[in-house]
Each structure stands twice: as C-alpha cells, then as structure tokens.
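Asker: One structure, as structure tokens, below. Some questions next.
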Amino acid sequence: MNVFSLMKDRVVEVIQSAVEDGALPSGLKTDAVTAEAPRDAAHGDVSTNAALVLAKQAGMKPRGIAEILASRLLNVDEVDAAEVAGPGFINLRLGASVWHGVVKEVLKTGIAFGDNAAGQQEPINVEYVSANPTGPLHVGHARGAVFGDVLAALLSKSGYAVTKEYYINDAGSQVDSLARALHLRYLVALGKKSDNDFAAAAEAGDVEYAGGYLKDAAVKLVDADGDKWADAHEDEWMEPVRTFAIKAMMQMIREDLAALGIGQDLETSERSLVESGRIETAISDLERQGLVYTGVLEPPKGKKPDDWEARPQLLFKSTEFGDDIDRPFKKSDGTWTYFASDVAYHRDKFDRGFSQMIDVWGADHGGYVKRMQAAVKALSNGEGALDIKLCQLVKIFDKGEPVRMSKRSGTFVTLRDLIDAVGKDVVRFIMLTRRNDAPLDFDYAKATEKSRENPVFYVQYAHARINSVFRHAAEAFKDLDLTDPGLTHADLSLCSDDAELAIMRTVSAWPRIVESAAQAHEPHRLAFYLNDLAAELHALWNRGNENAELRFLLPDEPGRSRARLALVRSVALVIASGLHVFGVQPVEEMR
RNA sequence: GGACCCGUAGCUCAACUGGAUAGAGCACUCGCCUUCUAAGCGAGAUGUUGCAGGUUCAAGUCCUGCCGGGUCCA
C-alpha cells in the first residue's frame with residue numbers, strides 16, 4: 001500500500017462529494033492534486049495542495065476551499081487531524097494504526113514491498129552498455145551498465161514488462177580494425193611474426209587495438225583454424241577472422257558483465273540489421289513521409305575543419321522534430337552512417353512492440369540525443385517515446401589521488417580491475433550514489449572504508465545490526481515466534497516513542513520512492529532513501545545506549561520487545577528490498 | 001561559432017519533475033561505550049541556490065539573456 005496515493009484518492013473523493021453537495025462548483029479538474037510528505041514533520045504526515053490547485057477553477061479563495069475540504073477530510077477513517085496552513089495547504093495527520101498496518105504489510109510481503117502496478121505491464125525496452133565489441137569493458141562502461149541494469153529492475157518493480165537489451169556495433173570499420181589486430185596476433189601465435197613485429201606495427205599506428213587481450217583469442221583462432229589464414233589475402237580472411245574476433249570479444253564482455261551481476265535479455269546485432277536490409281526499409285519509410293532528401297549542409301559555424309567541403313548528401317529532416325540541423329544518412333563513400341543504422345535499430349525495437357524505449361549512453365554521445373529522438377518520433381508516427389539517459393564520467397581516485405588513465409598507453413582501469421579491487425556489490429552501489437547526469441568520483445579507499453562516509457557500508461551495517469538483534473532475541477526469547485508471519489501479531493501500539501513512529505513513516509514512504517524513481521528514471525533516489533533509512537535505524541539503536549527503556553530487547557517485556565522486533569524487521573526488509581533492486585546482497589553480519 | 005549537461009553551506013552532494021522556514025555527510029567544537037557491534041549516535045555554526053529579468057497563489061526546479069566548468073560537433 002502506498003499511503004500517499006491512498007490519501008490522494010481520499011482527497012479527490014472528498015472533492016467530489018463536496019461538488020455533489022454544492023459546496024464546490026462542478027467541473028473541477030483534479031489532475032494536479034497531490035498528496036505528499038511535507039519536508040517539515042511539523043506539517044503533519046501528508047500534505048495536499050488541492051485547495052491551491054482548485055482555487056482559480058472554482059473562483060474561490062484557496063483558504064476558503066481548504067476549510068471546506070479540511071472539515072470533510074476529518075471524517076475520513078485514516079485521518080486524525082486536518083488543518084489548513086500557509087497559503088492553503090491542508091496538512092493531514094494520520095492515525096497510528098495506518099503506520100502499524102504498513103509495518104505488518106511489510107512483514108507479509110517481504111522484499112516485494114514497494115512493488116506497484118504503475119507500469120501496467122506495458123513493454124519497455126532498456127538498452128544499455130552496448131559497448132563496441134573491440135575490447136574489455138572499462139570503468140566508463142561500468143556506470144552505464146549498473147545504471148541501466150538497476151533502472152530495469154526498478155521498472156520491473158513498478159509493473160513494467162522490461163526487456164534488457166545490448167546493441168552490438170559489429171558493422172562499422174572498427175570491427176575491421178579489430179580483425180586486422182587479431183590477424184596480426186594470430187601470426188605471432190603461429191610464430192610467423194614476433195612480438196617485436198607486433199609492437200612495431202602498434203607503434204607505427206598500423207594496429208588500432210594493441211591491448212594484450214587479443215592474445216588469448218589468437219591462440220583460440222589457431223586452435224580452431226590452424227594456419228589456414230596465415231598466407232591468405234585479407235579479402236579471404238577478413239570475414240571469418242572478424243566474425244571470430246567479434247564472437248570472442250562479446251564472450252569477454254558477457255563475462256565482464258556477469259562479474260557485475262548483469263545478464264541482458266537480448267543482443268541485437270547491427271550487422272544483422274544491415275544484412276537483412278532493414279536500413280533500406282526504415283529509410284524508405286521515412287522517404288514516403290517526405291522526411292528524406294538530398295541536400296547540402298551548411299559548414300559548421302566558427303572554426304572550419306580543414307577537410308570540410310560542401311557536397312550533396314542524403315539527409316533526414318530532423319529539424320522538423322526539434323533538431324538543430326538535418327542529419328546525414330550516408331557517408332561520402334556511399335555507406336550508411338551510424339545514424340542510419342541506429343534509426344533502423346530503433347524502428348526495429350518499435351516494431352517489436354516497444355513504444356517506450358530508454359537508451360543509456362555515455363555523456364560523450366550527448367550531441368546525438370536530439371536526432372535520435374527526432375528519428376523515433378518520425379518512425380513511430382509520434383507514438384514512440386525514447387528517453388535517453390546520459391551517464392557522466394567516472395573519475396577513479398585512490399585515497400584522494402586521481403588514478404591516471406590513458407587509452408593510448410593502455411593504462412585505463414578495466415571493469416575487472418574495479419571489481420577485483422572493491423567487489424561487485426560495492427561497485428554497483430557506489431555507481432548509484434550520484435545522479436546519472438552528474439560526474440562521479442570513485443575512490444577505491446573510500447569505497448571499502450568502514451565508516452559513515454561510505455554509503456554501502458552504512459546501509460549494510462544497518463541491515464547487519466538488525467540481524468544481530470534477532471540473533472540475540474532468539475536467545476533471550478526462546479518461546480517467541482520471531483518469524484515474519486509470527487511478528488505480524490505483535491502489538492505495535494507498544495511502539496509509541498516518537499522516533500519509532502518516525503521510522504514507521506519512513507518505511508511507509510518506500511512505495512512512493514520506488515514509484516517516483518521509476519517514473520523519473522532515476523534509480524539514485526533509492527540510494528539516498530536507503531541512506532536516510534539506515535541513519536534513522538542507527539539513531540534509534542543508539543538511543544538504547546542512553547535510555548535502556550528504548551532498547552529493542554527488554555528481557556522483562558516480551559510484548560514490547562516483539563513489537564520493536566516487528567518494527568526493525570520491517571526496516572531490514574525495506575533495506576533488503578532496495579538492495580534487491582540494486583542487485584546487491586544484504587549482509588547478515590559485519591566482519 | 002553552435003548544441004547538450006552542470007553551477008546549491010568552506011568541501012562532496014540531496015531536494016519527492018512547481019510547494020511551506022533549501023537539507024545530509026565531511027571538516028570544526030563539545031558530549032555519549034559495565035549495554036543488542038562506538039565500524040555508531042547526539043548537540044552547536046554554516047546560504048542573495050553563478051548573475052539579471054520573466055511566467056504564477058507558489059521558482060533551486062519552468063522560460064529568456066549573460067557568466068563560469070565539462071562534453072561533443074559530416
């Protein structure tokens with residue numbers, strides 16, 4: 001149950017009844033009415049802006065409407081008090097039984113608490129990682145990978161039918177370069193060339209992918225095909241070696257992702273789109289709509305690139321959909337641009353039934369957003385929605401010192417390095433402690449530090465503490481039923497301390513956090529919520545230090561102990577629910 | 001030159017897509033272990049939300065123009 005959506009429904013019902021009684025004029029639109037948790041606890045449990053929203057429509061003063069609604073809201077079961085405040089807010093205070101009901105619901109539903117049906121099982125496609133199949137994943141990919149994976153889990157929890165997808169860019173010139181690099185490694189593996197030859201070629205810039213990771217693939221190629229391609233011409237070996245290389249790289253990438261706990265539902269190959277003629281289909285479809293023409297683009301403003309020359313090319317009228325200039329579908333050599341195949345790919349997704357799509361990209365692709373969204377509007381007749389989430393850079397630090405990374409010297413930090421250094425769960429959690437559109441500093445030392453400053457530790461510690469209480473409770477109260485179903489019979493009215501009621505309210509907010517984070521496509525909100533919930537738990541725990549009456553376990557008071565166990569157990573379950581969305585294992589004990 | 005993202009306490013960041021007196025952590029000062037893990041907690045101070053306008057009951061949030069940082073530009 002989401003207390004806030006429940007109360008919003010109640011407010012709307014009250015407005016309707018007031019309209020029926022003639023207390024308010026008819027024809028009021030209640031779309032903008034909200035029921036939210038006020039920032040300031042002094043403003044009650046739930047606050048509604050109803051009177052402010054209705055004032056203009058009704059031609060009445062906000063506070064006047066608020067008075068009418070407030071007196072009627074007092075008759076609602078859940079409401080203990082309703083008062084008009086400020087410009088016309090109505091602050092509602094709910095009865096304790098509402099919060100008790102939520103705690104019991106958490107005990108019954110477990111980590112499924114917070115699940116909601118907002119998505120109505122609508123299909124939604126989340127495409128993420130989609131790194132070129134030319135090498136291992138690095139830290140830059142890690143952020144998008146975790147972000148996409150957790151966003152997908154969050155959308156599932158919110159009732160969407162999610163498909164997690166990887167787009168393999170296996171058709172561009174970069175995979176030809178990959179094949180050439182592998183072929184040279186292959187010749188080395190066969191003993192036809194030396195490591196020095198390879199190094200010299202790399203030095204001369206003849207090999208684009210000089211990282212050592214192709215050595216294994218070269219050995220496997222020898223195992224598979226022997227010296228078959230040693231003396232062959234490139235025209236002969238290019239296709240088979242390229243296919244082999246892409247397969248090997250994708251295998252490596254899948255293993256990297258698996259180490260991060262990520263397994264996607266579907267991989268779509270760019271090459272297969274090209275070969276099946278779907279680019280032509282998509283483009284000619286746009287042509288029929290009059291959105292494709294041959295024209296000449298203006299030169300880029302300001303500094304002119306040296307090699308710029310005006311020439312006619314095949315263009316998409318993306319300006320009709322809010323883009324700044326029209327975008328080319330074909331390169332000067334007559335082949336399709338990346339944009340053209342991306343258009344075909346998104347058309348393919350739409351045809352597969354996804355009118356809702358999310359792409360997770362690195363921020364360096366920001367310039368690509370408008371044209372892609374323009375294309376999706378065009379190819380779906382306005383029915384498709386594409387949200388593009390840009391993940392900003394991750395900078396790696398160690399004890400505050402930046403870790404130098406350079407692609408050229410091959411010293412960039414791989415995803416594996418990161419996982420080996422701090423563990424999968426820490427990587428996943430830290431990646432979500434910042435909004436996707438803000439840069440993220442990842443400090444090895446801080447990520448594994450056991451302190452308040454490390455959110456992973458802090459949240460896990462709260463969970464472990466609760467488990468510790470239960471270990472002791474099992475000793476102290478041998479005849480109490482401490483299972484979740486057993487705890488639902490606890491008398492929660494015995495939890496009457498303000499701090500206890502406050503943490504019940506925070507627990508009750510979880511469904512709202514899930515729903516709003518899913519709607520906004522912002523999984524980081526869960527991390528901040530979990531941190532807040534953990535802080536409340538730690539605070540509550542420590543109050544037992546100062547006042548023994550507030551300890552969770554009171555040997556002489558099994559009833560009250562059971563109520564407090566029910567309460568903290570609900571906290572543990574909500575933490576576990578959040579960590580489950582994050583793909584992080586809650587720990588039972590700190591070591 | 002243009003486009004996109006960002007600009008909030010000394011530092012690192014939140015702020016429920018427009019809500020009430022903008023919140024946390026760090027750092028600083030002081031206090032809390034005979035106790036369910038002190039790996040923690042409490043108390044204190046900190047603001048012209050980059051600047052200037054605009055939209056409305058209400059703007060950190062939306063619009064326009066500047067300033068500064070980042071990313072990108074057949």
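Numbering starts fresh at 1 for the residues of each chain in the structure tokens, the chains themselves are lettered A, B, ... in the order given, and ligands are numbered from 1 as they appear.
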Tell me which protein, DNA and RNA residues are within 8 Å of stretch 160-164 of chain A, counting only C-alpha atoms (C1' of nucleotides), leaving out same-chain ones fewer than 3 positions away, and put them as a list of chain:residue names.

Answerer: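 In the requested format, the answer is A:Ala117, A:Ala118, A:Gly119, A:Gln120, A:Gln121, A:Glu122, A:Pro123, A:Ile124, A:Asn125, A:Val126, A:Glu127, A:Tyr128, A:Asp149, A:Ala152, A:Leu155, A:Ser156, A:Lys157, A:Gln264, A:Asp265, A:Leu266.
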
Asker: Any chance you could export the current selection's all heavy atoms as a short mmCIF file (atom, residue, chain, number, x, y, z; two decimals), in the first residue's frame?

Answerer:
data_model
loop_
_atom_site.label_atom_id
_atom_site.label_comp_id
_atom_site.auth_asym_id
_atom_site.auth_seq_id
_atom_site.Cartn_x
_atom_site.Cartn_y
_atom_site.Cartn_z
N ALA A 117 1.87 -1.25 -9.55
CA ALA A 117 1.38 -1.61 -10.88
C ALA A 117 1.36 -0.44 -11.83
O ALA A 117 0.69 -0.46 -12.86
CB ALA A 117 -0.02 -2.20 -10.75
N ALA A 118 2.15 0.60 -11.50
CA ALA A 118 2.12 1.82 -12.32
C ALA A 118 2.37 1.53 -13.80
O ALA A 118 1.80 2.17 -14.67
CB ALA A 118 3.13 2.83 -11.81
N GLY A 119 3.24 0.56 -14.08
CA GLY A 119 3.58 0.28 -15.47
C GLY A 119 2.52 -0.50 -16.22
O GLY A 119 2.57 -0.59 -17.45
N GLN A 120 1.58 -1.08 -15.51
CA GLN A 120 0.50 -1.85 -16.13
C GLN A 120 1.00 -2.86 -17.15
O GLN A 120 0.38 -3.08 -18.18
CB GLN A 120 -0.50 -0.90 -16.79
CG GLN A 120 -1.15 0.01 -15.76
CD GLN A 120 -2.19 0.92 -16.38
OE1 GLN A 120 -1.88 1.67 -17.31
NE2 GLN A 120 -3.40 0.86 -15.88
N GLN A 121 2.14 -3.45 -16.84
CA GLN A 121 2.74 -4.46 -17.70
C GLN A 121 2.99 -4.00 -19.13
O GLN A 121 3.07 -4.79 -20.07
CB GLN A 121 1.89 -5.76 -17.68
CG GLN A 121 1.97 -6.50 -16.35
CD GLN A 121 3.42 -6.73 -15.87
OE1 GLN A 121 4.27 -7.22 -16.65
NE2 GLN A 121 3.72 -6.38 -14.64
N GLU A 122 3.14 -2.70 -19.28
CA GLU A 122 3.46 -2.16 -20.60
C GLU A 122 4.90 -2.54 -20.95
O GLU A 122 5.79 -2.44 -20.11
CB GLU A 122 3.32 -0.64 -20.57
CG GLU A 122 3.45 -0.03 -21.94
CD GLU A 122 3.36 1.49 -21.89
OE1 GLU A 122 3.00 2.04 -20.82
OE2 GLU A 122 3.66 2.12 -22.91
N PRO A 123 5.13 -2.96 -22.18
CA PRO A 123 6.51 -3.32 -22.56
C PRO A 123 7.39 -2.08 -22.60
O PRO A 123 6.98 -1.04 -23.10
CB PRO A 123 6.36 -3.88 -23.98
CG PRO A 123 4.91 -4.15 -24.17
CD PRO A 123 4.18 -3.22 -23.27
N ILE A 124 8.58 -2.20 -22.06
CA ILE A 124 9.54 -1.10 -22.13
C ILE A 124 10.91 -1.70 -22.38
O ILE A 124 11.24 -2.76 -21.83
CB ILE A 124 9.51 -0.21 -20.86
CG1 ILE A 124 10.41 1.01 -21.02
CG2 ILE A 124 9.89 -1.00 -19.62
CD1 ILE A 124 10.15 2.08 -19.97
N ASN A 125 11.66 -1.07 -23.24
CA ASN A 125 12.97 -1.58 -23.62
C ASN A 125 14.06 -0.70 -23.03
O ASN A 125 14.05 0.51 -23.22
CB ASN A 125 13.07 -1.59 -25.16
CG ASN A 125 14.36 -2.21 -25.65
OD1 ASN A 125 15.43 -1.67 -25.44
ND2 ASN A 125 14.25 -3.36 -26.29
N VAL A 126 14.95 -1.32 -22.28
CA VAL A 126 16.08 -0.57 -21.73
C VAL A 126 17.34 -1.09 -22.39
O VAL A 126 17.70 -2.26 -22.24
CB VAL A 126 16.20 -0.74 -20.20
CG1 VAL A 126 17.32 0.14 -19.66
CG2 VAL A 126 14.88 -0.41 -19.51
N GLU A 127 17.98 -0.23 -23.16
CA GLU A 127 19.21 -0.63 -23.84
C GLU A 127 20.39 0.03 -23.16
O GLU A 127 20.42 1.25 -22.96
CB GLU A 127 19.16 -0.20 -25.31
CG GLU A 127 20.38 -0.62 -26.09
CD GLU A 127 20.81 0.43 -27.10
OE1 GLU A 127 19.94 1.03 -27.74
OE2 GLU A 127 22.03 0.65 -27.21
N TYR A 128 21.35 -0.78 -22.74
CA TYR A 128 22.50 -0.21 -22.03
C TYR A 128 23.76 -1.02 -22.27
O TYR A 128 23.70 -2.10 -22.84
CB TYR A 128 22.19 -0.09 -20.54
CG TYR A 128 21.80 -1.37 -19.84
CD1 TYR A 128 22.69 -2.03 -19.00
CD2 TYR A 128 20.53 -1.91 -20.00
CE1 TYR A 128 22.32 -3.18 -18.34
CE2 TYR A 128 20.15 -3.07 -19.35
CZ TYR A 128 21.05 -3.71 -18.52
OH TYR A 128 20.68 -4.86 -17.87
N ASP A 149 20.97 -1.50 -15.64
CA ASP A 149 20.50 -2.73 -15.01
C ASP A 149 19.55 -2.43 -13.85
O ASP A 149 18.52 -3.07 -13.70
CB ASP A 149 21.72 -3.52 -14.51
CG ASP A 149 21.38 -4.98 -14.29
OD1 ASP A 149 20.85 -5.60 -15.23
OD2 ASP A 149 21.63 -5.50 -13.19
N ALA A 152 16.28 -0.97 -15.00
CA ALA A 152 15.42 -2.05 -15.49
C ALA A 152 14.73 -2.76 -14.33
O ALA A 152 13.53 -3.03 -14.37
CB ALA A 152 16.24 -3.04 -16.32
N LEU A 155 12.04 -0.56 -12.91
CA LEU A 155 10.84 -0.51 -13.75
C LEU A 155 10.03 -1.80 -13.62
O LEU A 155 8.81 -1.78 -13.63
CB LEU A 155 11.23 -0.26 -15.21
CG LEU A 155 11.76 1.15 -15.49
CD1 LEU A 155 12.41 1.23 -16.86
CD2 LEU A 155 10.65 2.19 -15.36
N SER A 156 10.73 -2.92 -13.48
CA SER A 156 10.04 -4.19 -13.24
C SER A 156 9.25 -4.11 -11.96
O SER A 156 8.11 -4.55 -11.88
CB SER A 156 11.03 -5.32 -13.03
OG SER A 156 11.46 -5.83 -14.16
N LYS A 157 9.89 -3.57 -10.94
CA LYS A 157 9.23 -3.46 -9.63
C LYS A 157 8.02 -2.55 -9.73
O LYS A 157 7.08 -2.68 -8.96
CB LYS A 157 10.24 -2.91 -8.60
CG LYS A 157 9.79 -3.09 -7.15
CD LYS A 157 10.89 -2.70 -6.18
CE LYS A 157 10.45 -2.75 -4.73
NZ LYS A 157 10.15 -4.10 -4.22
N GLN A 264 21.86 -9.66 -19.77
CA GLN A 264 20.79 -8.99 -20.51
C GLN A 264 19.92 -10.01 -21.24
O GLN A 264 20.32 -11.14 -21.48
CB GLN A 264 21.41 -7.95 -21.46
CG GLN A 264 21.77 -6.69 -20.68
CD GLN A 264 22.89 -5.89 -21.29
OE1 GLN A 264 24.00 -6.40 -21.47
NE2 GLN A 264 22.61 -4.64 -21.60
N ASP A 265 18.71 -9.58 -21.58
CA ASP A 265 17.75 -10.50 -22.18
C ASP A 265 18.02 -10.73 -23.66
O ASP A 265 17.68 -11.76 -24.20
CB ASP A 265 16.33 -9.94 -22.04
CG ASP A 265 15.97 -9.65 -20.59
OD1 ASP A 265 16.27 -10.52 -19.74
OD2 ASP A 265 15.43 -8.57 -20.30
N LEU A 266 18.61 -9.73 -24.29
CA LEU A 266 18.64 -9.77 -25.75
C LEU A 266 19.84 -8.99 -26.27
O LEU A 266 20.19 -7.95 -25.74
CB LEU A 266 17.35 -9.10 -26.26
CG LEU A 266 17.01 -9.26 -27.73
CD1 LEU A 266 16.79 -10.73 -28.06
CD2 LEU A 266 15.75 -8.45 -28.05
#

Asker: Please run DSSP on the backbone and report, as a PyMOL selection string, all residues within stretch 271-358 of chain A that come out as strand (DSSP E).

Answerer: chain A and resi 292-296+312-316+327-328+356-358

Asker: Write down as a PyMOL selection string the residues belonging to stretch 36-245 of chain A that are assigned alpha helix (DSSP H) by DSSP computed on the backbone.

Answerer: chain A and resi 50-58+62-73+96-109+139-157+173-189+195-203+214-225+234-245

Asker: Rank nothing, just name the residue among B:G47, B:G10, B:G65, B:G70 nearest to chain A, using only C-alpha atoms (C1' of nucleotides).

Answerer: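 Closest residue, counting only C-alpha atoms (C1' of nucleotides): B:G70.
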
Asker: Let me make sure I understand: among A:Ile325, A:Ala258, A:Leu28, A:Ala224, which one has the smallest atom-to-atom distance to B:C73 if we use only C-alpha atoms (C1' of nucleotides)?

Answerer: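 Ranked by minimum distance to B:C73, first place goes to A:Ile325.
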
Asker: Can you list, as a list in words, every protein, DNA or RNA residue that comes within 12 Å of B:A39 when you count only C-alpha atoms (C1' of nucleotides), leaving out same-chain residues fewer than 6 positions away?

Answerer: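 The filter keeps Thr448, Glu449, Lys450, Ser451, Arg452, Glu453, Asn454, Phe457, Tyr458, Val459, Gln460, Tyr461, Ala462, Ala464, Arg465, His538, Glu589, Met590 and Arg591 of chain A.
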
Asker: Save out the residues we just selected, C-alpha atoms, as a PDB file, in the first residue's frame.

Answerer:
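result25.pdb written:
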ATOM      1  CA  THR A 448      35.855  -0.009   1.010  1.00  0.00           C
ATOM      2  CA  GLU A 449      36.182   2.152   4.086  1.00  0.00           C
ATOM      3  CA  LYS A 450      34.055   1.122   7.037  1.00  0.00           C
ATOM      4  CA  SER A 451      32.655   4.458   8.047  1.00  0.00           C
ATOM      5  CA  ARG A 452      29.685   6.745   7.980  1.00  0.00           C
ATOM      6  CA  GLU A 453      31.068   8.297   4.813  1.00  0.00           C
ATOM      7  CA  ASN A 454      30.729   5.113   2.820  1.00  0.00           C
ATOM      8  CA  PHE A 457      28.912   0.149   4.420  1.00  0.00           C
ATOM      9  CA  TYR A 458      26.469   2.365   6.269  1.00  0.00           C
ATOM     10  CA  VAL A 459      23.376   0.780   4.756  1.00  0.00           C
ATOM     11  CA  GLN A 460      24.766  -2.729   5.083  1.00  0.00           C
ATOM     12  CA  TYR A 461      25.682  -2.065   8.693  1.00  0.00           C
ATOM     13  CA  ALA A 462      22.099  -1.129   9.489  1.00  0.00           C
ATOM     14  CA  ALA A 464      23.525  -6.373   9.853  1.00  0.00           C
ATOM     15  CA  ARG A 465      22.655  -4.673  13.120  1.00  0.00           C
ATOM     16  CA  HIS A 538      21.333   3.764  13.709  1.00  0.00           C
ATOM     17  CA  GLU A 589      26.802  -9.733   9.772  1.00  0.00           C
ATOM     18  CA  MET A 590      29.715  -7.295   9.513  1.00  0.00           C
ATOM     19  CA  ARG A 591      33.109  -8.849   9.705  1.00  0.00           C
TER      20      ARG A 591
END

Asker: Within 7 Å of chain B, which residues of chain A are there when counting only C-alpha atoms (C1' of nucleotides)? Please give them as a list in words.

Answerer: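 Applying the cut-off to the listed atoms yields Leu52, Gly86, Lys301, Gly302, Lys303, Ala363, Asp364, His365, Gly366, Gly367, Asp437, Ala438, Lys450, Ser451, Glu453, Ser468, Val469, His472, Ser516, His538, Ala539, Asn542, Asn545 and Leu553 of chain A.
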
Asker: Find the residues around A:Glu500 up to 8 Å (only C-alpha atoms (C1' of nucleotides) counted), leave out those fewer than 5 positions away in its own chain, and share them as a list in words.

Answerer: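 Listed by chain and then number, they are Cys495, Leu540 and Leu567 of chain A.
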
Asker: Selected residues, all heavy atoms, written as a JSON list (two decimals), in the first residue's frame, please.

Answerer:
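Printed below is result38.json as written:
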[["chain", "number", "residue", "atom", "x", "y", "z"],
["A", 495, "CYS", "N", 4.88, 0.39, 20.36],
["A", 495, "CYS", "CA", 5.94, 1.25, 19.81],
["A", 495, "CYS", "C", 5.39, 2.66, 19.75],
["A", 495, "CYS", "O", 4.90, 3.12, 18.73],
["A", 495, "CYS", "CB", 6.33, 0.82, 18.40],
["A", 495, "CYS", "SG", 7.17, -0.75, 18.30],
["A", 540, "LEU", "N", 18.05, 5.24, 16.22],
["A", 540, "LEU", "CA", 17.14, 4.54, 17.13],
["A", 540, "LEU", "C", 17.92, 3.55, 18.00],
["A", 540, "LEU", "O", 17.71, 3.43, 19.20],
["A", 540, "LEU", "CB", 16.08, 3.82, 16.30],
["A", 540, "LEU", "CG", 14.82, 3.32, 17.00],
["A", 540, "LEU", "CD1", 14.11, 4.45, 17.70],
["A", 540, "LEU", "CD2", 13.89, 2.65, 15.99],
["A", 567, "LEU", "N", 9.06, -3.98, 14.19],
["A", 567, "LEU", "CA", 9.40, -2.70, 13.57],
["A", 567, "LEU", "C", 10.76, -2.76, 12.87],
["A", 567, "LEU", "O", 10.88, -2.40, 11.69],
["A", 567, "LEU", "CB", 9.41, -1.60, 14.64],
["A", 567, "LEU", "CG", 9.87, -0.23, 14.17],
["A", 567, "LEU", "CD1", 8.99, 0.29, 13.05],
["A", 567, "LEU", "CD2", 9.90, 0.76, 15.34]]
